[in-house]
>>> print(open('target25.txt').read())   # compact mmCIF, N, CA and C atoms
# COMPACT_ATOMS: atom_id res chain seq x y z
N MET U 1 89.57 121.48 85.64
CA MET U 1 88.90 120.33 86.20
C MET U 1 89.19 120.28 87.71
N LYS U 2 88.21 119.79 88.45
CA LYS U 2 88.35 119.65 89.89
C LYS U 2 88.03 118.21 90.29
N ALA U 3 88.80 117.68 91.23
CA ALA U 3 88.49 116.40 91.86
C ALA U 3 88.01 116.73 93.27
N ILE U 4 86.81 116.25 93.59
CA ILE U 4 86.18 116.58 94.87
C ILE U 4 85.80 115.29 95.60
N TRP U 5 86.15 115.26 96.88
CA TRP U 5 85.70 114.16 97.73
C TRP U 5 85.41 114.70 99.12
N ASN U 6 84.31 114.26 99.68
CA ASN U 6 83.87 114.70 101.01
C ASN U 6 83.81 116.23 101.09
N ASN U 7 83.28 116.81 100.02
CA ASN U 7 83.06 118.27 99.92
C ASN U 7 84.34 119.11 99.92
N LYS U 8 85.47 118.51 99.60
CA LYS U 8 86.74 119.25 99.52
C LYS U 8 87.34 119.07 98.13
N VAL U 9 87.90 120.14 97.59
CA VAL U 9 88.64 120.04 96.34
C VAL U 9 90.00 119.43 96.69
N ILE U 10 90.26 118.24 96.16
CA ILE U 10 91.51 117.57 96.47
C ILE U 10 92.54 117.71 95.35
N ALA U 11 92.07 118.14 94.17
CA ALA U 11 92.96 118.43 93.04
C ALA U 11 92.24 119.37 92.10
N GLU U 12 93.01 120.26 91.46
CA GLU U 12 92.42 121.19 90.51
C GLU U 12 93.46 121.55 89.46
N SER U 13 93.07 121.42 88.18
CA SER U 13 94.00 121.72 87.10
C SER U 13 93.25 121.96 85.79
N ASP U 14 93.81 122.83 84.96
CA ASP U 14 93.31 123.02 83.60
C ASP U 14 94.03 122.12 82.61
N GLU U 15 94.93 121.29 83.12
CA GLU U 15 95.78 120.47 82.25
C GLU U 15 95.71 118.99 82.59
N THR U 16 94.49 118.44 82.66
CA THR U 16 94.38 117.01 82.88
C THR U 16 94.58 116.27 81.57
N VAL U 17 94.96 115.01 81.67
CA VAL U 17 95.09 114.13 80.51
C VAL U 17 94.07 113.02 80.69
N ILE U 18 93.26 112.78 79.67
CA ILE U 18 92.23 111.75 79.77
C ILE U 18 92.72 110.47 79.11
N VAL U 19 92.71 109.39 79.90
CA VAL U 19 93.06 108.06 79.42
C VAL U 19 92.02 107.10 79.96
N GLU U 20 91.39 106.35 79.08
CA GLU U 20 90.36 105.38 79.47
C GLU U 20 89.29 106.02 80.35
N ASN U 21 88.83 107.20 79.97
CA ASN U 21 87.79 107.97 80.66
C ASN U 21 88.18 108.44 82.06
N ASN U 22 89.45 108.43 82.39
CA ASN U 22 89.93 108.95 83.67
C ASN U 22 90.74 110.21 83.44
N HIS U 23 90.47 111.23 84.24
CA HIS U 23 91.26 112.45 84.20
C HIS U 23 92.50 112.25 85.07
N TYR U 24 93.65 112.40 84.48
CA TYR U 24 94.92 112.34 85.23
C TYR U 24 95.37 113.76 85.50
N PHE U 25 95.44 114.12 86.78
CA PHE U 25 95.82 115.46 87.21
C PHE U 25 97.33 115.53 87.44
N PRO U 26 97.96 116.65 87.11
CA PRO U 26 99.38 116.80 87.43
C PRO U 26 99.58 116.66 88.94
N VAL U 27 100.63 115.97 89.35
CA VAL U 27 100.88 115.75 90.78
C VAL U 27 100.99 117.08 91.53
N GLU U 28 101.43 118.12 90.85
CA GLU U 28 101.56 119.44 91.49
C GLU U 28 100.20 120.05 91.82
N SER U 29 99.13 119.51 91.22
CA SER U 29 97.79 120.09 91.42
C SER U 29 97.02 119.45 92.57
N ILE U 30 97.57 118.41 93.18
CA ILE U 30 96.84 117.76 94.27
C ILE U 30 97.12 118.46 95.60
N GLN U 31 96.14 118.40 96.48
CA GLN U 31 96.28 118.94 97.83
C GLN U 31 96.87 117.83 98.70
N LYS U 32 98.19 117.80 98.81
CA LYS U 32 98.90 116.68 99.42
C LYS U 32 98.48 116.38 100.86
N VAL U 33 97.93 117.36 101.54
CA VAL U 33 97.51 117.15 102.93
C VAL U 33 96.43 116.06 103.03
N TYR U 34 95.68 115.83 101.96
CA TYR U 34 94.61 114.83 101.97
C TYR U 34 95.05 113.44 101.49
N PHE U 35 96.29 113.29 101.06
CA PHE U 35 96.78 112.05 100.46
C PHE U 35 97.71 111.31 101.41
N LYS U 36 97.43 110.01 101.59
CA LYS U 36 98.27 109.15 102.43
C LYS U 36 98.74 107.97 101.57
N ASP U 37 100.00 107.61 101.71
CA ASP U 37 100.54 106.49 100.94
C ASP U 37 99.80 105.19 101.26
N SER U 38 99.65 104.36 100.26
CA SER U 38 99.05 103.03 100.39
C SER U 38 100.07 102.00 99.94
N ASN U 39 99.95 100.80 100.44
CA ASN U 39 100.83 99.70 100.01
C ASN U 39 100.25 98.94 98.82
N THR U 40 99.10 99.37 98.31
CA THR U 40 98.44 98.68 97.20
C THR U 40 99.14 98.99 95.88
N HIS U 41 99.26 97.94 95.07
CA HIS U 41 99.81 98.06 93.72
C HIS U 41 98.99 97.17 92.79
N THR U 42 98.75 97.64 91.59
CA THR U 42 98.11 96.82 90.56
C THR U 42 98.92 96.97 89.28
N SER U 43 98.66 96.06 88.36
CA SER U 43 99.42 96.07 87.11
C SER U 43 98.49 96.24 85.93
N CYS U 44 98.88 97.11 85.03
CA CYS U 44 98.16 97.30 83.76
C CYS U 44 99.09 96.82 82.65
N PRO U 45 98.57 96.03 81.71
CA PRO U 45 99.44 95.48 80.66
C PRO U 45 100.13 96.53 79.81
N TRP U 46 99.52 97.71 79.65
CA TRP U 46 100.16 98.70 78.77
C TRP U 46 100.67 99.94 79.48
N LYS U 47 100.22 100.18 80.73
CA LYS U 47 100.69 101.38 81.44
C LYS U 47 101.82 101.07 82.42
N GLY U 48 101.76 99.92 83.06
CA GLY U 48 102.78 99.55 84.04
C GLY U 48 102.16 99.22 85.39
N VAL U 49 102.94 99.38 86.46
CA VAL U 49 102.49 99.06 87.81
C VAL U 49 102.02 100.35 88.49
N ALA U 50 100.76 100.34 88.94
CA ALA U 50 100.18 101.51 89.61
C ALA U 50 100.41 101.43 91.11
N SER U 51 100.61 102.58 91.71
CA SER U 51 100.64 102.74 93.16
C SER U 51 99.42 103.57 93.54
N TYR U 52 99.03 103.49 94.81
CA TYR U 52 97.79 104.13 95.25
C TYR U 52 98.00 105.05 96.44
N TYR U 53 97.02 105.93 96.61
CA TYR U 53 96.91 106.78 97.79
C TYR U 53 95.55 106.55 98.43
N HIS U 54 95.50 106.61 99.76
CA HIS U 54 94.24 106.74 100.48
C HIS U 54 93.95 108.23 100.57
N LEU U 55 92.69 108.59 100.58
CA LEU U 55 92.30 109.98 100.82
C LEU U 55 91.79 110.08 102.25
N GLU U 56 92.16 111.15 102.92
CA GLU U 56 91.67 111.40 104.27
C GLU U 56 91.24 112.86 104.35
N VAL U 57 89.93 113.06 104.50
CA VAL U 57 89.36 114.41 104.51
C VAL U 57 88.40 114.52 105.69
N ASP U 58 88.67 115.46 106.57
CA ASP U 58 87.81 115.72 107.73
C ASP U 58 87.46 114.45 108.50
N GLY U 59 88.47 113.62 108.73
CA GLY U 59 88.29 112.41 109.53
C GLY U 59 87.72 111.22 108.80
N LYS U 60 87.38 111.36 107.53
CA LYS U 60 86.86 110.23 106.74
C LYS U 60 87.96 109.73 105.82
N GLU U 61 88.01 108.40 105.64
CA GLU U 61 89.04 107.79 104.79
C GLU U 61 88.39 107.11 103.60
N ASN U 62 89.03 107.26 102.45
CA ASN U 62 88.63 106.60 101.21
C ASN U 62 89.86 105.84 100.73
N ARG U 63 89.90 104.56 101.02
CA ARG U 63 91.10 103.75 100.78
C ARG U 63 91.34 103.51 99.29
N ASP U 64 92.59 103.71 98.89
CA ASP U 64 93.02 103.44 97.50
C ASP U 64 92.17 104.17 96.46
N ALA U 65 91.78 105.39 96.77
CA ALA U 65 90.89 106.15 95.89
C ALA U 65 91.62 106.94 94.81
N ALA U 66 92.94 106.98 94.89
CA ALA U 66 93.74 107.69 93.87
C ALA U 66 94.88 106.77 93.46
N TRP U 67 95.25 106.85 92.19
CA TRP U 67 96.39 106.04 91.74
C TRP U 67 97.27 106.82 90.79
N TYR U 68 98.49 106.31 90.67
CA TYR U 68 99.48 106.93 89.78
C TYR U 68 100.48 105.85 89.37
N TYR U 69 101.26 106.15 88.38
CA TYR U 69 102.27 105.22 87.87
C TYR U 69 103.66 105.83 88.08
N PRO U 70 104.41 105.33 89.08
CA PRO U 70 105.74 105.88 89.33
C PRO U 70 106.68 105.71 88.13
N GLU U 71 106.55 104.58 87.47
CA GLU U 71 107.30 104.31 86.24
C GLU U 71 106.28 103.89 85.20
N VAL U 72 106.25 104.58 84.09
CA VAL U 72 105.28 104.25 83.05
C VAL U 72 105.96 103.64 81.84
N SER U 73 105.18 102.86 81.10
CA SER U 73 105.69 102.31 79.85
C SER U 73 105.79 103.45 78.83
N GLU U 74 106.45 103.19 77.75
CA GLU U 74 106.58 104.18 76.67
C GLU U 74 105.21 104.60 76.14
N LEU U 75 104.29 103.65 76.07
CA LEU U 75 102.94 103.94 75.58
C LEU U 75 102.17 104.90 76.49
N ALA U 76 102.52 104.91 77.78
CA ALA U 76 101.77 105.71 78.75
C ALA U 76 102.55 106.93 79.24
N ARG U 77 103.55 107.35 78.51
CA ARG U 77 104.40 108.45 78.97
C ARG U 77 103.62 109.74 79.24
N GLY U 78 102.45 109.89 78.63
CA GLY U 78 101.63 111.08 78.84
C GLY U 78 101.04 111.21 80.23
N ILE U 79 101.03 110.11 81.02
CA ILE U 79 100.48 110.19 82.37
C ILE U 79 101.55 110.12 83.45
N LYS U 80 102.80 110.18 83.06
CA LYS U 80 103.87 110.20 84.06
C LYS U 80 103.74 111.47 84.89
N GLY U 81 103.85 111.32 86.21
CA GLY U 81 103.73 112.47 87.10
C GLY U 81 102.30 112.95 87.28
N ARG U 82 101.33 112.05 87.06
CA ARG U 82 99.92 112.42 87.16
C ARG U 82 99.16 111.43 88.05
N VAL U 83 98.04 111.89 88.59
CA VAL U 83 97.23 111.13 89.54
C VAL U 83 95.79 111.09 89.04
N ALA U 84 95.15 109.92 89.13
CA ALA U 84 93.75 109.75 88.75
C ALA U 84 92.94 109.26 89.96
N PHE U 85 91.61 109.31 89.83
CA PHE U 85 90.74 109.04 90.97
C PHE U 85 89.58 108.12 90.60
N TRP U 86 89.03 107.49 91.62
CA TRP U 86 87.82 106.69 91.52
C TRP U 86 87.21 106.59 92.90
N LYS U 87 86.35 105.59 93.16
CA LYS U 87 85.75 105.34 94.47
C LYS U 87 85.03 106.57 95.04
N GLY U 88 84.17 107.16 94.20
CA GLY U 88 83.34 108.24 94.67
C GLY U 88 83.93 109.63 94.58
N VAL U 89 85.14 109.75 94.06
CA VAL U 89 85.71 111.08 93.83
C VAL U 89 85.03 111.66 92.60
N GLU U 90 84.44 112.83 92.77
CA GLU U 90 83.72 113.49 91.68
C GLU U 90 84.66 114.36 90.88
N ILE U 91 84.63 114.22 89.57
CA ILE U 91 85.43 115.06 88.67
C ILE U 91 84.47 116.01 87.97
N ILE U 92 84.68 117.32 88.16
CA ILE U 92 83.80 118.30 87.55
C ILE U 92 84.62 119.36 86.82
N GLU U 93 83.96 120.01 85.90
CA GLU U 93 84.62 121.06 85.12
C GLU U 93 84.44 122.40 85.80
>>> encode(input="target25.txt", output="structure tokens")
Amino acid sequence: MKAIWNNKVIAESDETVIVENNHYFPVESIQKVYFKDSNTHTSCPWKGVASYYHLEVDGKENRDAAWYYPEVSELARGIKGRVAFWKGVEIIE
């Protein structure tokens, strides 16, 4: 699977985990040069507190377009150490 934004592959892995129709990519598979820390956090009742990344590719920014769970609940242990995307990031096979 590939995550693409602004015509760049920002993550690629054969080992994504799908939860609620989102592909969670292993953190080792992301191109860290395109990821910037965000101060945004949201809470999911069963997964825990999510943290976000902004994407920055070729001078364009996509704020809070990637998220991950630094600490996951027992129910969500399968997505620990993984990153998911939204806000126009295309996921293709």
>>> residues_around(input="target25.txt", residues="Leu75 (chain U)", least_positions_apart="2", cutoff="8 Å", atoms="only C-alpha atoms", output="ChimeraX atom specification")
/U:46-47,72-73,77-78
>>> closest_residue(input="target25.txt", among="U:Asn7, U:Ser13, U:Thr40, U:Asn22", to="Asp58 (chain U)", atoms="only C-alpha atoms")
U:Asn7
>>> residues_around(input="target25.txt", residues="Glu28 (chain U)", least_positions_apart="5", cutoff="10 Å", atoms="only C-alpha atoms", output="ChimeraX atom specification")
/U:11-13,81-83
>>> closest_residue(input="target25.txt", among="U:Val33, U:Val57, U:Val19, U:Val27", to="Asn6 (chain U)", atoms="all atoms listed in the file")
U:Val57
>>> residues_around(input="target25.txt", residues="Glu15 (chain U)", least_positions_apart="3", cutoff="7 Å", atoms="all atoms listed in the file", output="list in words")
Met1, Glu12, Tyr24, Phe25 and Pro26 of chain U
>>> closest_residue(input="target25.txt", among="U:Tyr52, U:Tyr34, U:Trp5, U:Trp86", to="Tyr69 (chain U)", atoms="all atoms listed in the file")
U:Tyr52
>>> atom_distance(input="target25.txt", atom1="atom N of Ala65 (chain U)", atom2="atom C of Thr16 (chain U)")
18.9 Å
>>> atom_distance(input="target25.txt", atom1="atom C of Lys36 (chain U)", atom2="atom N of Ile4 (chain U)")
16.6 Å
>>> atom_distance(input="target25.txt", atom1="atom N of Glu74 (chain U)", atom2="atom N of His41 (chain U)")
19.5 Å
>>> select_by_dssp(input="target25.txt", residues="chain U", states="strand (DSSP E)", output="count of residues only")
53
>>> closest_residue(input="target25.txt", among="U:Leu55, U:Val49, U:Ala76, U:Ile18", to="Val89 (chain U)", atoms="only C-alpha atoms")
U:Leu55
>>> closest_residue(input="target25.txt", among="U:Asp14, U:Glu90, U:Glu61, U:Glu71", to="Ser43 (chain U)", atoms="only C-alpha atoms")
U:Glu71
>>> closest_residue(input="target25.txt", among="U:Lys2, U:Tyr68, U:Val17, U:Ile92", to="Gly48 (chain U)", atoms="all atoms listed in the file")
U:Tyr68
>>> residues_near_point(input="target25.txt", point="(95.1, 105.9, 99.6)", cutoff="7 Å", atoms="only N, CA and C atoms", output="NGL selection string")
:U and (35-38 or 52-56 or 62-66)
>>> decode(input="target25.txt", residues="region 3-91 of chain U", atoms="C-alpha atoms", output="mmCIF file, in the first residue's frame")
data_model
loop_
_atom_site.group_PDB
_atom_site.id
_atom_site.type_symbol
_atom_site.label_atom_id
_atom_site.label_comp_id
_atom_site.auth_asym_id
_atom_site.auth_seq_id
_atom_site.Cartn_x
_atom_site.Cartn_y
_atom_site.Cartn_z
ATOM 1 C CA ALA U 3 0.073 6.838 0.889
ATOM 2 C CA ILE U 4 0.446 9.686 -1.608
ATOM 3 C CA TRP U 5 0.032 13.409 -1.139
ATOM 4 C CA ASN U 6 1.044 16.215 -3.489
ATOM 5 C CA ASN U 7 2.386 13.617 -5.946
ATOM 6 C CA LYS U 8 4.871 12.152 -3.435
ATOM 7 C CA VAL U 9 4.832 8.746 -1.781
ATOM 8 C CA ILE U 10 4.867 9.623 1.910
ATOM 9 C CA ALA U 11 4.497 6.045 3.194
ATOM 10 C CA GLU U 12 4.719 2.591 1.651
ATOM 11 C CA SER U 13 4.213 -0.828 3.222
ATOM 12 C CA ASP U 14 2.900 -4.320 2.535
ATOM 13 C CA GLU U 15 1.913 -4.585 6.198
ATOM 14 C CA THR U 16 -0.824 -2.047 6.869
ATOM 15 C CA VAL U 17 -3.521 -2.710 9.453
ATOM 16 C CA ILE U 18 -7.055 -1.632 8.572
ATOM 17 C CA VAL U 19 -9.195 -0.195 11.367
ATOM 18 C CA GLU U 20 -12.438 1.675 10.649
ATOM 19 C CA ASN U 21 -11.556 1.804 6.917
ATOM 20 C CA ASN U 22 -8.192 3.482 7.595
ATOM 21 C CA HIS U 23 -4.877 1.913 6.642
ATOM 22 C CA TYR U 24 -2.400 2.217 9.505
ATOM 23 C CA PHE U 25 1.168 2.150 8.170
ATOM 24 C CA PRO U 26 4.136 1.042 10.284
ATOM 25 C CA VAL U 27 5.985 4.145 11.507
ATOM 26 C CA GLU U 28 9.150 2.750 9.890
ATOM 27 C CA SER U 29 7.448 3.001 6.478
ATOM 28 C CA ILE U 30 6.831 6.762 6.508
ATOM 29 C CA GLN U 31 9.114 9.261 4.792
ATOM 30 C CA LYS U 32 9.893 11.308 7.911
ATOM 31 C CA VAL U 33 11.212 14.261 5.910
ATOM 32 C CA TYR U 34 7.586 15.124 5.005
ATOM 33 C CA PHE U 35 6.197 14.898 8.578
ATOM 34 C CA LYS U 36 6.121 17.778 11.068
ATOM 35 C CA ASP U 37 4.876 17.489 14.648
ATOM 36 C CA SER U 38 1.496 19.038 15.447
ATOM 37 C CA ASN U 39 0.108 20.113 18.812
ATOM 38 C CA THR U 40 -3.323 18.669 17.914
ATOM 39 C CA HIS U 41 -4.741 15.813 19.967
ATOM 40 C CA THR U 42 -8.103 14.065 19.818
ATOM 41 C CA SER U 43 -9.627 11.320 21.889
ATOM 42 C CA CYS U 44 -11.220 8.079 20.756
ATOM 43 C CA PRO U 45 -13.288 6.172 23.333
ATOM 44 C CA TRP U 46 -11.731 2.816 22.459
ATOM 45 C CA LYS U 47 -8.317 3.617 20.940
ATOM 46 C CA GLY U 48 -7.033 6.377 23.208
ATOM 47 C CA VAL U 49 -5.600 9.860 22.601
ATOM 48 C CA ALA U 50 -4.362 10.526 19.061
ATOM 49 C CA SER U 51 -1.488 12.812 18.138
ATOM 50 C CA TYR U 52 -1.100 14.360 14.694
ATOM 51 C CA TYR U 53 1.452 15.309 12.070
ATOM 52 C CA HIS U 54 1.308 18.053 9.461
ATOM 53 C CA LEU U 55 2.529 17.024 6.021
ATOM 54 C CA GLU U 56 4.868 19.318 4.133
ATOM 55 C CA VAL U 57 5.684 18.384 0.535
ATOM 56 C CA ASP U 58 7.324 20.697 -2.001
ATOM 57 C CA GLY U 59 6.335 23.819 -0.075
ATOM 58 C CA LYS U 60 2.686 22.811 0.447
ATOM 59 C CA GLU U 61 1.303 22.042 3.908
ATOM 60 C CA ASN U 62 -1.534 19.696 4.851
ATOM 61 C CA ARG U 63 -2.247 20.359 8.518
ATOM 62 C CA ASP U 64 -3.054 17.423 10.814
ATOM 63 C CA ALA U 65 -3.279 15.048 7.841
ATOM 64 C CA ALA U 66 -1.713 12.079 9.654
ATOM 65 C CA TRP U 67 -2.411 10.665 13.090
ATOM 66 C CA TYR U 68 -1.099 8.036 15.446
ATOM 67 C CA TYR U 69 -1.641 6.811 18.995
ATOM 68 C CA PRO U 70 1.466 7.118 21.202
ATOM 69 C CA GLU U 71 -0.279 5.045 23.869
ATOM 70 C CA VAL U 72 -3.063 2.726 22.800
ATOM 71 C CA SER U 73 -5.732 0.944 24.759
ATOM 72 C CA GLU U 74 -5.622 -2.842 24.987
ATOM 73 C CA LEU U 75 -8.365 -3.020 22.351
ATOM 74 C CA ALA U 76 -6.236 -1.042 19.873
ATOM 75 C CA ARG U 77 -2.862 -2.707 20.448
ATOM 76 C CA GLY U 78 -2.743 -3.678 16.752
ATOM 77 C CA ILE U 79 -2.174 -0.047 15.711
ATOM 78 C CA LYS U 80 0.582 0.794 18.180
ATOM 79 C CA GLY U 81 3.544 2.225 16.278
ATOM 80 C CA ARG U 82 1.415 2.951 13.197
ATOM 81 C CA VAL U 83 0.288 6.072 11.321
ATOM 82 C CA ALA U 84 -2.957 6.702 9.389
ATOM 83 C CA PHE U 85 -3.967 9.450 6.956
ATOM 84 C CA TRP U 86 -6.856 11.608 5.797
ATOM 85 C CA LYS U 87 -7.386 15.137 4.359
ATOM 86 C CA GLY U 88 -6.728 14.247 0.751
ATOM 87 C CA VAL U 89 -3.968 11.692 1.244
ATOM 88 C CA GLU U 90 -4.586 8.987 -1.350
ATOM 89 C CA ILE U 91 -4.128 5.356 -0.317
#
